Structure formats: C-alpha cells, structure tokens
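This is entry.txt (compact mmCIF, C-alpha atoms).
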```
# COMPACT_ATOMS: atom_id res chain seq x y z
CA MET A 1 6.04 -25.16 18.22
CA ASN A 2 2.32 -24.79 17.71
CA ARG A 3 1.89 -22.20 14.94
CA SER A 4 -1.20 -20.46 16.27
CA ARG A 5 0.22 -20.10 19.77
CA ARG A 6 3.38 -18.66 18.29
CA ASN A 7 1.35 -16.19 16.20
CA PHE A 8 -0.67 -15.14 19.25
CA VAL A 9 2.37 -14.58 21.40
CA GLN A 10 4.17 -12.81 18.58
CA ALA A 11 1.25 -10.48 17.89
CA GLY A 12 0.59 -9.68 21.52
CA GLY A 13 4.27 -9.47 22.32
CA VAL A 14 5.27 -7.04 19.61
CA LEU A 15 2.29 -4.76 20.14
CA GLY A 16 3.01 -4.83 23.85
CA LEU A 17 6.61 -3.91 23.17
CA MET A 18 5.60 -1.03 20.90
CA VAL A 19 3.27 0.34 23.56
CA ALA A 20 5.89 -0.10 26.27
CA THR A 21 8.50 1.79 24.28
CA GLY A 22 5.94 4.50 23.48
CA LEU A 23 6.55 4.37 19.75
CA ILE A 24 2.86 4.24 19.01
CA THR A 25 0.04 3.65 21.46
CA ALA A 26 -2.05 0.47 21.36
CA GLU A 27 -5.00 2.71 20.60
CA GLU A 28 -3.24 4.26 17.62
CA ALA A 29 -2.34 0.85 16.23
CA ARG A 30 -5.92 -0.34 16.69
CA ALA A 31 -7.29 2.85 15.14
CA GLN A 32 -5.01 2.52 12.14
CA GLN A 33 -6.14 -1.10 11.75
CA GLN A 34 -9.83 -0.24 12.00
CA ALA A 35 -9.41 2.44 9.35
CA TRP A 36 -8.64 -0.32 6.87
CA ASN A 37 -11.48 -0.70 4.35
CA LYS A 38 -12.18 -4.43 4.58
CA ALA A 39 -15.10 -4.41 2.13
CA ALA A 40 -13.00 -2.71 -0.54
CA PHE A 41 -10.16 -5.21 -0.17
CA GLU A 42 -12.57 -8.17 -0.34
CA ALA A 43 -14.37 -6.97 -3.46
CA LYS A 44 -13.80 -9.13 -6.52
CA SER A 45 -14.27 -6.76 -9.45
CA LEU A 46 -13.64 -3.12 -10.36
CA ASP A 47 -17.35 -2.30 -10.03
CA GLU A 48 -17.69 -4.02 -6.65
CA THR A 49 -14.59 -2.18 -5.39
CA ILE A 50 -15.92 1.21 -6.53
CA LYS A 51 -19.19 0.51 -4.69
CA ALA A 52 -17.25 -0.42 -1.54
CA LEU A 53 -15.33 2.85 -1.89
CA GLY A 54 -18.60 4.79 -2.00
CA GLY A 55 -18.85 5.37 -5.73
CA THR A 56 -21.42 4.39 -8.32
CA GLY A 57 -19.21 4.06 -11.37
CA THR A 58 -16.08 5.29 -13.09
CA ALA A 59 -15.38 7.56 -16.02
CA GLN A 60 -12.41 6.93 -18.30
CA SER A 61 -9.85 9.70 -17.96
CA ALA A 62 -6.91 10.61 -20.14
CA ASP A 63 -5.56 12.68 -17.23
CA ILE A 64 -4.46 9.55 -15.38
CA THR A 65 -1.05 8.24 -16.37
CA LEU A 66 -0.65 4.56 -15.53
CA THR A 67 2.88 3.27 -15.99
CA ALA A 68 3.41 -0.49 -15.89
CA PRO A 69 5.42 -2.94 -18.00
CA ASP A 70 3.80 -4.42 -21.11
CA ILE A 71 5.17 -7.77 -19.99
CA ALA A 72 6.01 -8.54 -16.35
CA GLU A 73 8.61 -11.28 -16.10
CA ASN A 74 7.78 -11.94 -12.48
CA GLY A 75 4.17 -11.52 -11.35
CA ALA A 76 5.30 -11.32 -7.72
CA VAL A 77 6.94 -7.94 -8.26
CA VAL A 78 5.33 -5.70 -10.87
CA PRO A 79 6.30 -2.00 -10.73
CA VAL A 80 3.31 0.30 -11.18
CA ALA A 81 3.21 4.09 -11.11
CA VAL A 82 0.10 6.28 -11.23
CA ALA A 83 0.05 10.04 -11.76
CA SER A 84 -3.17 12.06 -11.80
CA LYS A 85 -3.60 15.49 -13.37
CA ILE A 86 -7.25 15.63 -12.31
CA PRO A 87 -7.79 18.64 -10.02
CA ASN A 88 -8.62 17.91 -6.36
CA THR A 89 -7.39 14.33 -6.53
CA GLN A 90 -8.18 12.82 -3.12
CA SER A 91 -7.11 9.21 -3.59
CA ILE A 92 -5.40 6.86 -5.98
CA TYR A 93 -6.21 3.14 -6.11
CA ILE A 94 -4.50 0.30 -7.97
CA LEU A 95 -6.59 -2.71 -8.98
CA VAL A 96 -5.66 -5.95 -10.74
CA GLU A 97 -8.77 -7.28 -12.44
CA LYS A 98 -7.89 -10.98 -12.39
CA ASN A 99 -6.40 -11.16 -8.88
CA PRO A 100 -8.47 -13.04 -6.24
CA ASN A 101 -9.43 -9.61 -4.90
CA ALA A 102 -9.15 -6.69 -7.28
CA LEU A 103 -7.90 -3.91 -4.99
CA ALA A 104 -4.15 -4.06 -4.36
CA ALA A 105 -3.51 -0.66 -2.79
CA GLY A 106 -5.11 2.71 -2.04
CA PHE A 107 -3.38 6.00 -1.31
CA GLY A 108 -4.95 9.05 0.34
CA ILE A 109 -3.38 12.23 -1.00
CA PRO A 110 -3.50 15.17 1.42
CA ALA A 111 -3.28 18.73 0.08
CA GLY A 112 0.36 19.52 -0.69
CA THR A 113 1.25 16.00 -1.76
CA ASP A 114 1.68 15.22 -5.46
CA ALA A 115 -1.03 12.97 -6.88
CA SER A 116 1.63 10.59 -8.05
CA ILE A 117 2.80 7.36 -6.48
CA ALA A 118 4.93 4.39 -7.45
CA THR A 119 4.90 0.96 -5.87
CA ARG A 120 5.19 -2.75 -6.72
CA ILE A 121 2.30 -5.18 -6.78
CA LYS A 122 1.61 -8.89 -7.26
CA MET A 123 -0.31 -10.15 -10.26
CA GLY A 124 -1.55 -13.71 -10.40
CA GLN A 125 -1.82 -13.81 -14.21
CA THR A 126 -2.05 -11.60 -17.28
CA SER A 127 -4.71 -9.03 -16.46
CA ASN A 128 -5.95 -5.50 -16.85
CA VAL A 129 -4.51 -3.15 -14.26
CA HIS A 130 -6.84 -0.29 -13.35
CA ALA A 131 -5.65 3.00 -11.89
CA VAL A 132 -8.64 4.59 -10.17
CA VAL A 133 -8.61 8.20 -9.03
CA LYS A 134 -11.12 9.74 -6.66
CA ALA A 135 -11.36 13.50 -7.19
CA ASP A 136 -14.15 15.77 -5.96
CA ASN A 137 -15.85 12.57 -4.78
CA LYS A 138 -16.09 11.26 -8.35
CA PHE A 139 -14.23 8.22 -9.64
CA TYR A 140 -12.09 8.07 -12.78
CA VAL A 141 -10.14 5.20 -14.28
CA ALA A 142 -7.33 4.41 -16.69
CA THR A 143 -6.55 0.83 -17.68
CA LYS A 144 -3.60 -1.06 -19.11
CA GLU A 145 -3.18 -4.74 -19.84
CA VAL A 146 -0.06 -6.23 -18.29
CA LYS A 147 1.05 -9.66 -19.50
CA VAL A 148 2.50 -11.91 -16.84
CA THR A 149 4.80 -14.80 -17.64
CA LEU A 150 5.17 -16.15 -14.09
CA GLY A 151 2.18 -15.58 -11.79
CA GLY A 152 2.80 -13.95 -8.43
CA CYS A 153 0.06 -14.97 -6.04
CA GLY A 154 1.80 -18.15 -4.95
CA GLY A 155 -0.99 -20.51 -6.01
CA MET B 1 11.20 -7.02 15.65
CA PRO B 2 10.84 -6.40 11.90
CA ASP B 3 13.84 -4.99 10.05
CA PRO B 4 14.03 -1.19 9.78
CA MET B 5 12.65 0.56 6.71
CA ARG B 6 15.15 2.03 4.32
CA ILE B 7 14.03 5.58 3.69
CA ARG B 8 15.49 8.23 1.44
CA ALA B 9 13.97 11.71 1.46
CA THR B 10 15.57 14.35 -0.72
CA GLU B 11 14.61 17.99 -1.13
CA GLN B 12 14.15 18.83 -4.80
CA PRO B 13 13.02 22.08 -6.48
CA ASP B 14 9.45 20.81 -6.76
CA GLY B 15 9.12 19.04 -3.43
CA VAL B 16 10.55 16.35 -1.18
CA ASP B 17 10.95 13.04 -2.99
CA VAL B 18 10.43 10.09 -0.64
CA ARG B 19 11.50 6.53 -1.42
CA VAL B 20 10.92 3.74 1.06
CA LEU B 21 11.76 0.07 1.07
CA MET B 22 9.98 -1.80 3.86
CA SER B 23 10.77 -5.23 5.15
CA HIS B 24 7.66 -7.44 5.29
CA GLU B 25 6.59 -10.86 3.99
CA MET B 26 3.26 -9.58 2.59
CA GLU B 27 1.90 -13.15 2.65
CA THR B 28 -1.23 -13.41 0.50
CA GLY B 29 -2.96 -16.21 2.35
CA GLN B 30 -3.15 -18.12 -0.96
CA ARG B 31 0.11 -20.05 -0.62
CA ARG B 32 0.44 -23.56 0.80
CA ASP B 33 3.45 -24.74 2.76
CA SER B 34 5.27 -28.04 2.14
CA ALA B 35 2.77 -29.87 4.39
CA GLY B 36 -0.11 -28.60 2.24
CA ALA B 37 -1.51 -26.19 4.83
CA ILE B 38 -2.43 -22.65 3.84
CA VAL B 39 0.11 -20.09 5.00
CA PRO B 40 -2.07 -17.44 6.68
CA ALA B 41 -2.30 -13.94 5.24
CA TRP B 42 0.15 -11.56 6.86
CA PHE B 43 0.49 -8.15 5.29
CA ILE B 44 0.84 -4.44 5.98
CA GLN B 45 -2.64 -2.88 6.03
CA THR B 46 -1.99 0.80 6.70
CA VAL B 47 0.91 3.16 6.20
CA VAL B 48 1.09 6.77 7.36
CA VAL B 49 3.90 9.11 6.38
CA SER B 50 4.08 12.27 8.49
CA TYR B 51 5.98 15.53 8.33
CA ALA B 52 5.77 18.21 11.04
CA GLY B 53 3.09 16.20 12.79
CA LYS B 54 0.76 16.04 9.78
CA PRO B 55 0.16 13.15 7.37
CA VAL B 56 1.63 13.63 3.90
CA LEU B 57 0.45 10.23 2.70
CA ASN B 58 -2.06 7.64 3.93
CA ALA B 59 -2.03 4.22 2.37
CA GLU B 60 -4.25 1.17 2.73
CA TRP B 61 -2.75 -2.01 1.35
CA GLY B 62 -3.90 -5.52 0.65
CA PRO B 63 -1.78 -8.65 0.33
CA ALA B 64 -1.28 -7.95 -3.39
CA VAL B 65 1.36 -5.34 -2.62
CA ALA B 66 4.68 -7.05 -3.36
CA LYS B 67 6.87 -8.55 -0.62
CA ASN B 68 9.27 -6.01 0.87
CA PRO B 69 7.06 -3.14 -0.27
CA TYR B 70 8.49 -0.25 -2.22
CA LEU B 71 6.85 3.16 -2.20
CA GLN B 72 7.79 6.44 -3.86
CA PHE B 73 5.95 9.76 -3.77
CA LYS B 74 6.56 13.50 -3.46
CA PHE B 75 5.18 16.20 -1.17
CA LYS B 76 5.62 19.96 -0.97
CA GLY B 77 6.74 22.09 1.93
CA GLY B 78 9.38 19.83 3.46
CA LYS B 79 12.75 21.30 4.37
CA LYS B 80 16.22 19.81 4.40
CA GLY B 81 17.26 18.84 7.89
CA GLU B 82 13.67 18.21 9.05
CA LYS B 83 12.38 14.71 9.71
CA ILE B 84 9.70 12.53 8.18
CA SER B 85 8.20 9.63 10.06
CA ILE B 86 6.66 6.49 8.57
CA THR B 87 4.44 4.05 10.47
CA TRP B 88 2.96 0.81 9.20
CA VAL B 89 0.48 -1.50 10.93
CA ASP B 90 -0.12 -5.03 9.66
CA ASN B 91 -3.12 -7.36 9.92
CA ARG B 92 -1.70 -8.97 13.06
CA GLY B 93 -1.52 -5.60 14.78
CA GLU B 94 2.27 -5.52 14.53
CA THR B 95 3.69 -2.13 13.78
CA ARG B 96 6.92 -0.35 12.93
CA THR B 97 7.84 3.33 12.87
CA ASP B 98 10.99 4.73 11.32
CA GLU B 99 12.21 8.28 10.80
CA ALA B 100 14.48 9.86 8.23
CA THR B 101 16.04 13.27 7.83
CA ILE B 102 15.32 15.14 4.61
CA GLY B 103 18.59 15.60 2.76
```

Would it be possible to restate this file's structure as structure tokens?
Amino acid sequence: MNRSRRNFVQAGGVLGLMVATGLITAEEARAQQQAWNKAAFEAKSLDETIKALGGTGTAQSADITLTAPDIAENGAVVPVAVASKIPNTQSIYILVEKNPNALAAGFGIPAGTDASIATRIKMGQTSNVHAVVKADNKFYVATKEVKVTLGGCGG
Amino acid sequence: MPDPMRIRATEQPDGVDVRVLMSHEMETGQRRDSAGAIVPAWFIQTVVVSYAGKPVLNAEWGPAVAKNPYLQFKFKGGKKGEKISITWVDNRGETRTDEATIG
C-alpha cells in the first residue's frame, strides 16, 4: 500500500479516534504539538541550542550530577540520569554534542517535582553528553564524555 | 492503537517515584529501509504527567530519545491510592494517555 496514504490515514484515523473517545481533545493534541520547541531540536551545537532556548551562554556547575556510562555498548540505548541541586531549577536538558541535532530531551520541572530525571537516549558515536539546567532563567551545564562502541542513530 | 505504557508509581518517604516504559518506535529519520529510502522520522514530541489535575512533569523529546522510551522521576505530594495520568503526543499527532494508581 502507498506509504504516504497509509501514514495520512493512520494519523487522521488515530487522532479522530482519540477525539471520539474523549481521551484528549484534538485541540489539546494540537496544543501539545505546537508547544514543541522546533528551533531547539533543530540546533546543531550546545551554543545554538542554548540560544534557541532563550539563553546567551552556560556556566559550568558542580551542582549538576550527570550519570552516564563511561562506555556505552549500544549507542541506541544509553541510560542517562541528571540531578540538579541548583535552587529554582526550572528545566533539565540532555544534549549529545556529536548527534545530528544536539538536543535529545528537555524536561520542565514544576514546583514540587524533584529536579532529577532518568531516561535513555541514542548516541550516534562517542561524544560529550551535556546536562543543561535552567534555573532562575540562567543556564548551567555539566559534561561527560561517553564512548560508544556501536552507534545508535541508524546511519 | 499503540501499546499501553507500563507505569509504576510508588509512594516513598520522600515522594512518589514514577517509572514509565512507553511503546514507540522513536524513528530518527536518519535510517534507510532495504529499498534505500529514508524511513521518515516518527517520535514522541511531548509528554505530560499529571496528578490531581496538575502537571508534575512536562517533557519535550526529539528522535534521539531511545526506542520504547524509559522515564523515571519523583514528585512530592502524591498519595497512595490516587491516580497519575501520562499523555504523549508524537510528531504525527498520534497520542496515548494511560493512568496508574500510586501504590
């Protein structure tokens, strides 16, 4: 079957189903989609990403704990955890310097939620991983090099 | 319909620990299929975790989050027996919401 027609029907169909069952409204889905920071996810470097996030630069911080393996056997699944002790942490971002686009994930931390998250990311090759924290509208960073034996971007 | 998320939320002395395993291809848009054509990017873009009607985590993801995304975090104020709700929306506009009871 023609791939693009299938995609179109699939996309329209599922969203239609979600709206019909009232699980989330079409408007809510669209709103959540529009909230996605396209410029930040298309930026190539740490500096470009910070600019797209509204910052001018980053300061190194020893109050960010970035946990990631020294050597990742499989670049498609690299566990990364970031914990921030910086007061008024608003967001945590994970960037992989040598990926096609640096920003892998961003997390908004509402009051009452620990500034600590763990997830798994893809790394295309050995690279610096940057944990960026936005606190009081200022940006901080901690960096760790993670070696990758088998790249995970599928190229 | 995408597979349900596997969610575990447990009340601990210092907050509710939430662990989620989602089911999603998280296709980067860099891969080629056997015919040599690029497999289009298909990935979760936003995730919202809510408790008592308020967000306890907002996430924006790119295709570099691993396939079948895993997420773990902790928030304060949740009570055993209450529910959390997690919604993701992907770049095709597809979406999934699952709930779990805090144990």

Practice item. Residues of chain A no more than 6 Å from chain B, counting only C-alpha atoms: send them over as a PyMOL selection string. Key: chain A and resi 11+15+77+104-110+112-114+117-122+154-155

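The smallest atom-to-atom distance between Lys98 in chain A and any of A:Thr25, A:Leu46, A:Val78, A:Gln34, using all atoms listed in the file, is found for A:Leu46.
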
Review point. Quick one: distance from CA of Ala52 in chain B to CA of Tyr93 in chain A in Å, one decimal?
Key: 25.8 Å

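Reported to one decimal place, the separation of CA of Met5 in chain B from CA of Ser23 in chain B is 6.3 Å.
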
Check your understanding: Contacts of Asn37 in chain A at 9 Å or less, counting all atoms listed in the file, minus same-chain residues fewer than 2 places along, as a VMD selection string?
Key -> (chain A and resid 34 to 35 39 to 42 52 to 53) or (chain B and resid 60)
